[in-house]
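Q: Structure provided below as structure tokens; questions to follow.
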Amino acid sequence: LDEEKTFLFVKRTNQFFMISIIISILGALLFNFLLIRSILNPLNLLHSGTSMIGEGKKNIRIHFNTNDELGELIESFNTMAYKLEEMEEIRKVSIAKFANELRTPLTIIQGEIEGAIDGVISLSKDRLVSLLEEIEKLKGMVFSLEDLYKIQKKVKKINKSEVNFNYLIEDIKRVIQNRLLEGKVVELIFDVPGDLVIINDEDLIKQILFNLISNAIKATDKGYIKVTVFKVGEKLILEVEDTGKGIKEEDIPYIFDPFYSNTDGLGVGLTIVKEIVDILGGEISVQSKINQGTKFNIKIPL
């Protein structure tokens, strides 16, 4: 009788262990299935989303709530999709602005010439001067686009030589006084050591300063524009500060995009500045407040 009870006990114990093992295996398989599914589902959604963006589709968002690294990845994807959509809208506005900038001088030139052909308008010296000014605007736009293309394609190589800032600033002053400051009551201040000499590409440095000063003049009707240049260790610091109308905070991330401008003109000046700074291995930052002014700070390694 004792042996029979022992046999039954061992048999039931073995059955219990077998059932426990089977339940554990099934539970583990179910857990793995759910775990894999919870990982694969968002990954499939991400794959589908990136494929749709690659096909040019817009307004793509992934809705999947999870509080882990995959959730952060999905959030980053949605942020990227929003930024791409925003940039596409800015691109459309920029192209429209570019077309409008070209249309204005072309329309004026066409109207004057057609009027002269019809005998309605007499092309006096004043009218010819006015037409020449419109042609100069068009030429300036074409040259700006050509400069941007060359810089972006890295056509212009860095030609390092001795740069004497005393001469460089005098060149910039001469051009600005002759071309940009007409009718402006703006004080132009230069804080540059007279003995500052570096080894770098003089044309590229000059273009950075000229473009920044030109933009500052367009944005400033009164007050001052201050240009500061100095050396800190092995870095050249260029600062251009104005008391102009400033830049909206939401616009600052886009001011270096082609044709994006809050002033008259094509808006490629700052794009060229950013491209040159990148070529020279430097960095650029912007501080601005509406109706108080803007300050650009550039650091270039020597």
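By order in the structure tokens, chains are A, B, ...; within a chain, residues start at 1; ligands start at 1, following the order shown.
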Would you please give, as a PyMOL selection string, all residues of region 6-210 of chain A that DSSP assigns to alpha helix (DSSP H) based on the backbone?
A: chain A and resi 6-54+69-117+125-152+165-179+202-210
Q: Mind checking which residues fall within 7 Å of region 131-139 of chain A, counting only C-alpha atoms, ignoring those fewer than 4 positions away in the same chain, and posting them as a ChimeraX atom specification?
A: /A:102,105,109,127,143
Q: Find the residues near Glu249 (chain A): any atom within 9 Å, counting only C-alpha atoms, skip ones fewer than 5 places away on the same chain, and give them as a PDB file with N, CA and C atoms, in the first residue's frame.
A:
```pdb
ATOM      1  N   SER A 288      19.210  87.997 -32.276  1.00  0.00           N
ATOM      2  CA  SER A 288      18.384  89.056 -32.842  1.00  0.00           C
ATOM      3  C   SER A 288      17.114  89.274 -32.025  1.00  0.00           C
ATOM      4  N   LYS A 289      16.665  90.540 -32.000  1.00  0.00           N
ATOM      5  CA  LYS A 289      15.404  90.901 -31.374  1.00  0.00           C
ATOM      6  C   LYS A 289      14.674  91.874 -32.284  1.00  0.00           C
ATOM      7  N   ILE A 290      13.373  91.656 -32.421  1.00  0.00           N
ATOM      8  CA  ILE A 290      12.577  92.507 -33.302  1.00  0.00           C
ATOM      9  C   ILE A 290      12.669  93.963 -32.862  1.00  0.00           C
TER      10      ILE A 290
END
```
Q: Contacts of Phe230 (chain A) at 9 Å or less, counting only C-alpha atoms, minus same-chain residues fewer than 3 places along, as a PyMOL selection string?
A: chain A and resi 191-193+196+235-239
Q: How would the residues just chosen look if you wrote them out with all heavy atoms as a PDB file, in the first residue's frame?
A:
```
ATOM      1  N   ASP A 191      35.604  98.467 -35.637  1.00  0.00           N
ATOM      2  CA  ASP A 191      36.507  98.246 -34.503  1.00  0.00           C
ATOM      3  C   ASP A 191      37.457  97.121 -34.894  1.00  0.00           C
ATOM      4  O   ASP A 191      37.209  95.936 -34.624  1.00  0.00           O
ATOM      5  CB  ASP A 191      35.693  97.891 -33.254  1.00  0.00           C
ATOM      6  CG  ASP A 191      36.573  97.716 -32.019  1.00  0.00           C
ATOM      7  OD1 ASP A 191      37.791  97.993 -32.120  1.00  0.00           O
ATOM      8  OD2 ASP A 191      36.056  97.299 -30.968  1.00  0.00           O
ATOM      9  N   VAL A 192      38.513  97.494 -35.586  1.00  0.00           N
ATOM     10  CA  VAL A 192      39.457  96.515 -36.133  1.00  0.00           C
ATOM     11  C   VAL A 192      40.884  96.978 -35.833  1.00  0.00           C
ATOM     12  O   VAL A 192      41.229  98.118 -36.164  1.00  0.00           O
ATOM     13  CB  VAL A 192      39.284  96.363 -37.660  1.00  0.00           C
ATOM     14  CG1 VAL A 192      40.204  95.274 -38.188  1.00  0.00           C
ATOM     15  CG2 VAL A 192      37.833  96.062 -38.021  1.00  0.00           C
ATOM     16  N   PRO A 193      41.705  96.142 -35.202  1.00  0.00           N
ATOM     17  CA  PRO A 193      43.102  96.539 -34.953  1.00  0.00           C
ATOM     18  C   PRO A 193      43.826  96.858 -36.262  1.00  0.00           C
ATOM     19  O   PRO A 193      43.737  96.094 -37.233  1.00  0.00           O
ATOM     20  CB  PRO A 193      43.704  95.299 -34.280  1.00  0.00           C
ATOM     21  CG  PRO A 193      42.535  94.539 -33.737  1.00  0.00           C
ATOM     22  CD  PRO A 193      41.396  94.802 -34.671  1.00  0.00           C
ATOM     23  N   LEU A 196      46.278  94.122 -37.561  1.00  0.00           N
ATOM     24  CA  LEU A 196      45.804  92.735 -37.628  1.00  0.00           C
ATOM     25  C   LEU A 196      46.129  92.135 -38.996  1.00  0.00           C
ATOM     26  O   LEU A 196      45.649  92.592 -40.038  1.00  0.00           O
ATOM     27  CB  LEU A 196      44.298  92.662 -37.376  1.00  0.00           C
ATOM     28  CG  LEU A 196      43.663  91.269 -37.414  1.00  0.00           C
ATOM     29  CD1 LEU A 196      44.301  90.347 -36.382  1.00  0.00           C
ATOM     30  CD2 LEU A 196      42.156  91.354 -37.172  1.00  0.00           C
ATOM     31  N   LYS A 235      41.914  81.635 -33.456  1.00  0.00           N
ATOM     32  CA  LYS A 235      40.634  81.859 -34.123  1.00  0.00           C
ATOM     33  C   LYS A 235      40.463  83.329 -34.478  1.00  0.00           C
ATOM     34  O   LYS A 235      40.803  84.216 -33.700  1.00  0.00           O
ATOM     35  CB  LYS A 235      39.467  81.406 -33.237  1.00  0.00           C
ATOM     36  CG  LYS A 235      39.293  79.893 -33.190  1.00  0.00           C
ATOM     37  CD  LYS A 235      38.007  79.498 -32.506  1.00  0.00           C
ATOM     38  CE  LYS A 235      37.825  77.981 -32.531  1.00  0.00           C
ATOM     39  NZ  LYS A 235      36.569  77.559 -31.877  1.00  0.00           N
ATOM     40  N   LEU A 236      39.910  83.566 -35.675  1.00  0.00           N
ATOM     41  CA  LEU A 236      39.556  84.913 -36.108  1.00  0.00           C
ATOM     42  C   LEU A 236      38.074  85.122 -35.810  1.00  0.00           C
ATOM     43  O   LEU A 236      37.235  84.297 -36.191  1.00  0.00           O
ATOM     44  CB  LEU A 236      39.816  85.075 -37.608  1.00  0.00           C
ATOM     45  CG  LEU A 236      39.388  86.412 -38.203  1.00  0.00           C
ATOM     46  CD1 LEU A 236      40.318  87.526 -37.730  1.00  0.00           C
ATOM     47  CD2 LEU A 236      39.377  86.348 -39.735  1.00  0.00           C
ATOM     48  N   ILE A 237      37.750  86.203 -35.128  1.00  0.00           N
ATOM     49  CA  ILE A 237      36.362  86.506 -34.775  1.00  0.00           C
ATOM     50  C   ILE A 237      35.881  87.682 -35.610  1.00  0.00           C
ATOM     51  O   ILE A 237      36.506  88.744 -35.632  1.00  0.00           O
ATOM     52  CB  ILE A 237      36.217  86.848 -33.267  1.00  0.00           C
ATOM     53  CG1 ILE A 237      36.926  85.801 -32.397  1.00  0.00           C
ATOM     54  CG2 ILE A 237      34.742  86.978 -32.899  1.00  0.00           C
ATOM     55  CD1 ILE A 237      36.382  84.404 -32.502  1.00  0.00           C
ATOM     56  N   LEU A 238      34.766  87.482 -36.302  1.00  0.00           N
ATOM     57  CA  LEU A 238      34.117  88.542 -37.077  1.00  0.00           C
ATOM     58  C   LEU A 238      32.732  88.775 -36.489  1.00  0.00           C
ATOM     59  O   LEU A 238      31.946  87.828 -36.351  1.00  0.00           O
ATOM     60  CB  LEU A 238      33.983  88.145 -38.552  1.00  0.00           C
ATOM     61  CG  LEU A 238      35.232  87.643 -39.278  1.00  0.00           C
ATOM     62  CD1 LEU A 238      34.868  87.140 -40.664  1.00  0.00           C
ATOM     63  CD2 LEU A 238      36.261  88.755 -39.391  1.00  0.00           C
ATOM     64  N   GLU A 239      32.428  90.019 -36.137  1.00  0.00           N
ATOM     65  CA  GLU A 239      31.108  90.354 -35.600  1.00  0.00           C
ATOM     66  C   GLU A 239      30.533  91.533 -36.371  1.00  0.00           C
ATOM     67  O   GLU A 239      31.214  92.534 -36.599  1.00  0.00           O
ATOM     68  CB  GLU A 239      31.198  90.708 -34.112  1.00  0.00           C
ATOM     69  CG  GLU A 239      31.560  89.530 -33.217  1.00  0.00           C
ATOM     70  CD  GLU A 239      31.628  89.900 -31.746  1.00  0.00           C
ATOM     71  OE1 GLU A 239      31.590  91.125 -31.453  1.00  0.00           O
ATOM     72  OE2 GLU A 239      31.723  88.999 -30.909  1.00  0.00           O
TER      73      GLU A 239
END
```
Q: List the spatial neighbours of Glu162 (chain A) as a list of chain:residue names - criterion: any atom at most 8 Å away, only C-alpha atoms, same-chain residues fewer than 6 positions off excluded.
A: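 Once the nearby chain positions are removed, what remains is A:Val197, A:Ile198, A:Ile199, A:Asn200, A:Glu202.
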Q: Given the selection you just returned, output its residues as a file containing all heavy atoms, formatted as a PDB file, in the first residue's frame.
A:
```pdb
ATOM      1  N   VAL A 197      46.947  91.095 -38.982  1.00  0.00           N
ATOM      2  CA  VAL A 197      47.336  90.396 -40.212  1.00  0.00           C
ATOM      3  C   VAL A 197      47.192  88.893 -39.965  1.00  0.00           C
ATOM      4  O   VAL A 197      47.639  88.384 -38.936  1.00  0.00           O
ATOM      5  CB  VAL A 197      48.795  90.716 -40.616  1.00  0.00           C
ATOM      6  CG1 VAL A 197      49.193  89.919 -41.862  1.00  0.00           C
ATOM      7  CG2 VAL A 197      48.960  92.210 -40.869  1.00  0.00           C
ATOM      8  N   ILE A 198      46.542  88.192 -40.909  1.00  0.00           N
ATOM      9  CA  ILE A 198      46.371  86.742 -40.785  1.00  0.00           C
ATOM     10  C   ILE A 198      46.739  86.085 -42.108  1.00  0.00           C
ATOM     11  O   ILE A 198      46.952  86.766 -43.111  1.00  0.00           O
ATOM     12  CB  ILE A 198      44.922  86.359 -40.409  1.00  0.00           C
ATOM     13  CG1 ILE A 198      43.959  86.774 -41.531  1.00  0.00           C
ATOM     14  CG2 ILE A 198      44.519  86.968 -39.081  1.00  0.00           C
ATOM     15  CD1 ILE A 198      42.581  86.180 -41.422  1.00  0.00           C
ATOM     16  N   ILE A 199      46.804  84.775 -42.101  1.00  0.00           N
ATOM     17  CA  ILE A 199      46.990  84.005 -43.336  1.00  0.00           C
ATOM     18  C   ILE A 199      45.681  83.282 -43.624  1.00  0.00           C
ATOM     19  O   ILE A 199      45.270  82.395 -42.873  1.00  0.00           O
ATOM     20  CB  ILE A 199      48.140  82.981 -43.214  1.00  0.00           C
ATOM     21  CG1 ILE A 199      49.443  83.686 -42.860  1.00  0.00           C
ATOM     22  CG2 ILE A 199      48.286  82.181 -44.506  1.00  0.00           C
ATOM     23  CD1 ILE A 199      49.932  84.661 -43.911  1.00  0.00           C
ATOM     24  N   ASN A 200      44.994  83.699 -44.696  1.00  0.00           N
ATOM     25  CA  ASN A 200      43.729  83.074 -45.073  1.00  0.00           C
ATOM     26  C   ASN A 200      43.352  83.542 -46.476  1.00  0.00           C
ATOM     27  O   ASN A 200      44.136  84.213 -47.133  1.00  0.00           O
ATOM     28  CB  ASN A 200      42.633  83.402 -44.058  1.00  0.00           C
ATOM     29  CG  ASN A 200      41.641  82.254 -43.893  1.00  0.00           C
ATOM     30  OD1 ASN A 200      41.050  81.802 -44.855  1.00  0.00           O
ATOM     31  ND2 ASN A 200      41.479  81.774 -42.660  1.00  0.00           N
ATOM     32  N   GLU A 202      41.714  86.013 -48.653  1.00  0.00           N
ATOM     33  CA  GLU A 202      41.253  87.397 -48.500  1.00  0.00           C
ATOM     34  C   GLU A 202      39.903  87.629 -49.172  1.00  0.00           C
ATOM     35  O   GLU A 202      39.027  88.304 -48.621  1.00  0.00           O
ATOM     36  CB  GLU A 202      42.290  88.367 -49.082  1.00  0.00           C
ATOM     37  CG  GLU A 202      41.901  89.832 -48.904  1.00  0.00           C
ATOM     38  CD  GLU A 202      43.014  90.782 -49.276  1.00  0.00           C
ATOM     39  OE1 GLU A 202      44.130  90.306 -49.585  1.00  0.00           O
ATOM     40  OE2 GLU A 202      42.778  91.998 -49.244  1.00  0.00           O
TER      41      GLU A 202
END
```
Q: List the neighbours of Ile279 (chain A) out to 10 Å using only C-alpha atoms; skip same-chain residues closer than 2 positions along the sequence, and give me the result as an NGL selection string.
A: :A and (151-152 or 154 or 156-158 or 204 or 273-277 or 281-282 or 300)
Q: Keeping only N, CA, C and O atoms, write the selected residues as a tab-separated table (two decimals), in the first residue's frame.
A:
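Contents of the output file out_11.tsv:
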```tsv
chain	number	residue	atom	x	y	z
A	151	ILE	N	30.14	78.73	-54.88
A	151	ILE	CA	30.47	78.41	-53.49
A	151	ILE	C	29.93	77.03	-53.13
A	151	ILE	O	30.62	76.20	-52.52
A	152	GLN	N	28.67	76.75	-53.50
A	152	GLN	CA	28.06	75.47	-53.14
A	152	GLN	C	28.77	74.30	-53.81
A	152	GLN	O	28.88	73.22	-53.23
A	154	LYS	N	31.84	74.28	-54.48
A	154	LYS	CA	33.24	74.36	-54.07
A	154	LYS	C	34.16	74.61	-55.26
A	154	LYS	O	35.29	74.12	-55.31
A	156	LYS	N	35.35	77.47	-56.07
A	156	LYS	CA	36.39	78.39	-55.64
A	156	LYS	C	37.24	77.73	-54.55
A	156	LYS	O	36.76	77.44	-53.46
A	157	LYS	N	38.49	77.52	-54.84
A	157	LYS	CA	39.39	76.90	-53.87
A	157	LYS	C	39.90	77.97	-52.90
A	157	LYS	O	39.91	79.15	-53.19
A	158	ILE	N	40.31	77.51	-51.74
A	158	ILE	CA	40.86	78.43	-50.75
A	158	ILE	C	42.27	78.84	-51.19
A	158	ILE	O	43.15	77.99	-51.36
A	204	LEU	N	37.45	85.52	-49.72
A	204	LEU	CA	36.35	84.90	-48.97
A	204	LEU	C	36.03	85.68	-47.70
A	204	LEU	O	34.86	85.89	-47.36
A	273	VAL	N	27.34	83.47	-47.20
A	273	VAL	CA	28.13	83.61	-45.96
A	273	VAL	C	28.27	82.26	-45.27
A	273	VAL	O	29.37	81.85	-44.88
A	274	LYS	N	27.15	81.55	-45.11
A	274	LYS	CA	27.17	80.25	-44.42
A	274	LYS	C	28.03	79.24	-45.17
A	274	LYS	O	28.81	78.48	-44.57
A	275	GLU	N	27.91	79.23	-46.51
A	275	GLU	CA	28.71	78.30	-47.30
A	275	GLU	C	30.20	78.59	-47.14
A	275	GLU	O	31.02	77.67	-47.00
A	276	ILE	N	30.58	79.89	-47.16
A	276	ILE	CA	32.00	80.25	-47.02
A	276	ILE	C	32.51	79.86	-45.63
A	276	ILE	O	33.61	79.32	-45.49
A	277	VAL	N	31.71	80.15	-44.60
A	277	VAL	CA	32.12	79.79	-43.23
A	277	VAL	C	32.35	78.29	-43.13
A	277	VAL	O	33.32	77.84	-42.51
A	281	GLY	N	35.87	76.09	-42.41
A	281	GLY	CA	35.87	75.29	-41.19
A	281	GLY	C	35.44	76.05	-39.96
A	281	GLY	O	35.77	75.66	-38.84
A	282	GLY	N	34.68	77.13	-40.16
A	282	GLY	CA	34.26	77.96	-39.03
A	282	GLY	C	32.85	77.68	-38.58
A	282	GLY	O	32.22	76.70	-38.98
A	300	ILE	N	36.45	81.69	-37.15
A	300	ILE	CA	37.17	80.97	-38.21
A	300	ILE	C	38.52	80.51	-37.67
A	300	ILE	O	39.32	81.33	-37.22
```
Q: In Å, with one decimal, what is the gap from CA of Tyr82 (chain A) to CA of Ala96 (chain A)?
A: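 Separating CA of Tyr82 (chain A) from CA of Ala96 (chain A) is a distance of 21.5 Å.
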Q: For the atom pair CA of Ile60 (chain A) and CA of Phe256 (chain A), what is the interatomic distance in Å to one decimal place?
A: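 CA of Phe256 (chain A) lies at a distance of 26.0 Å from CA of Ile60 (chain A).
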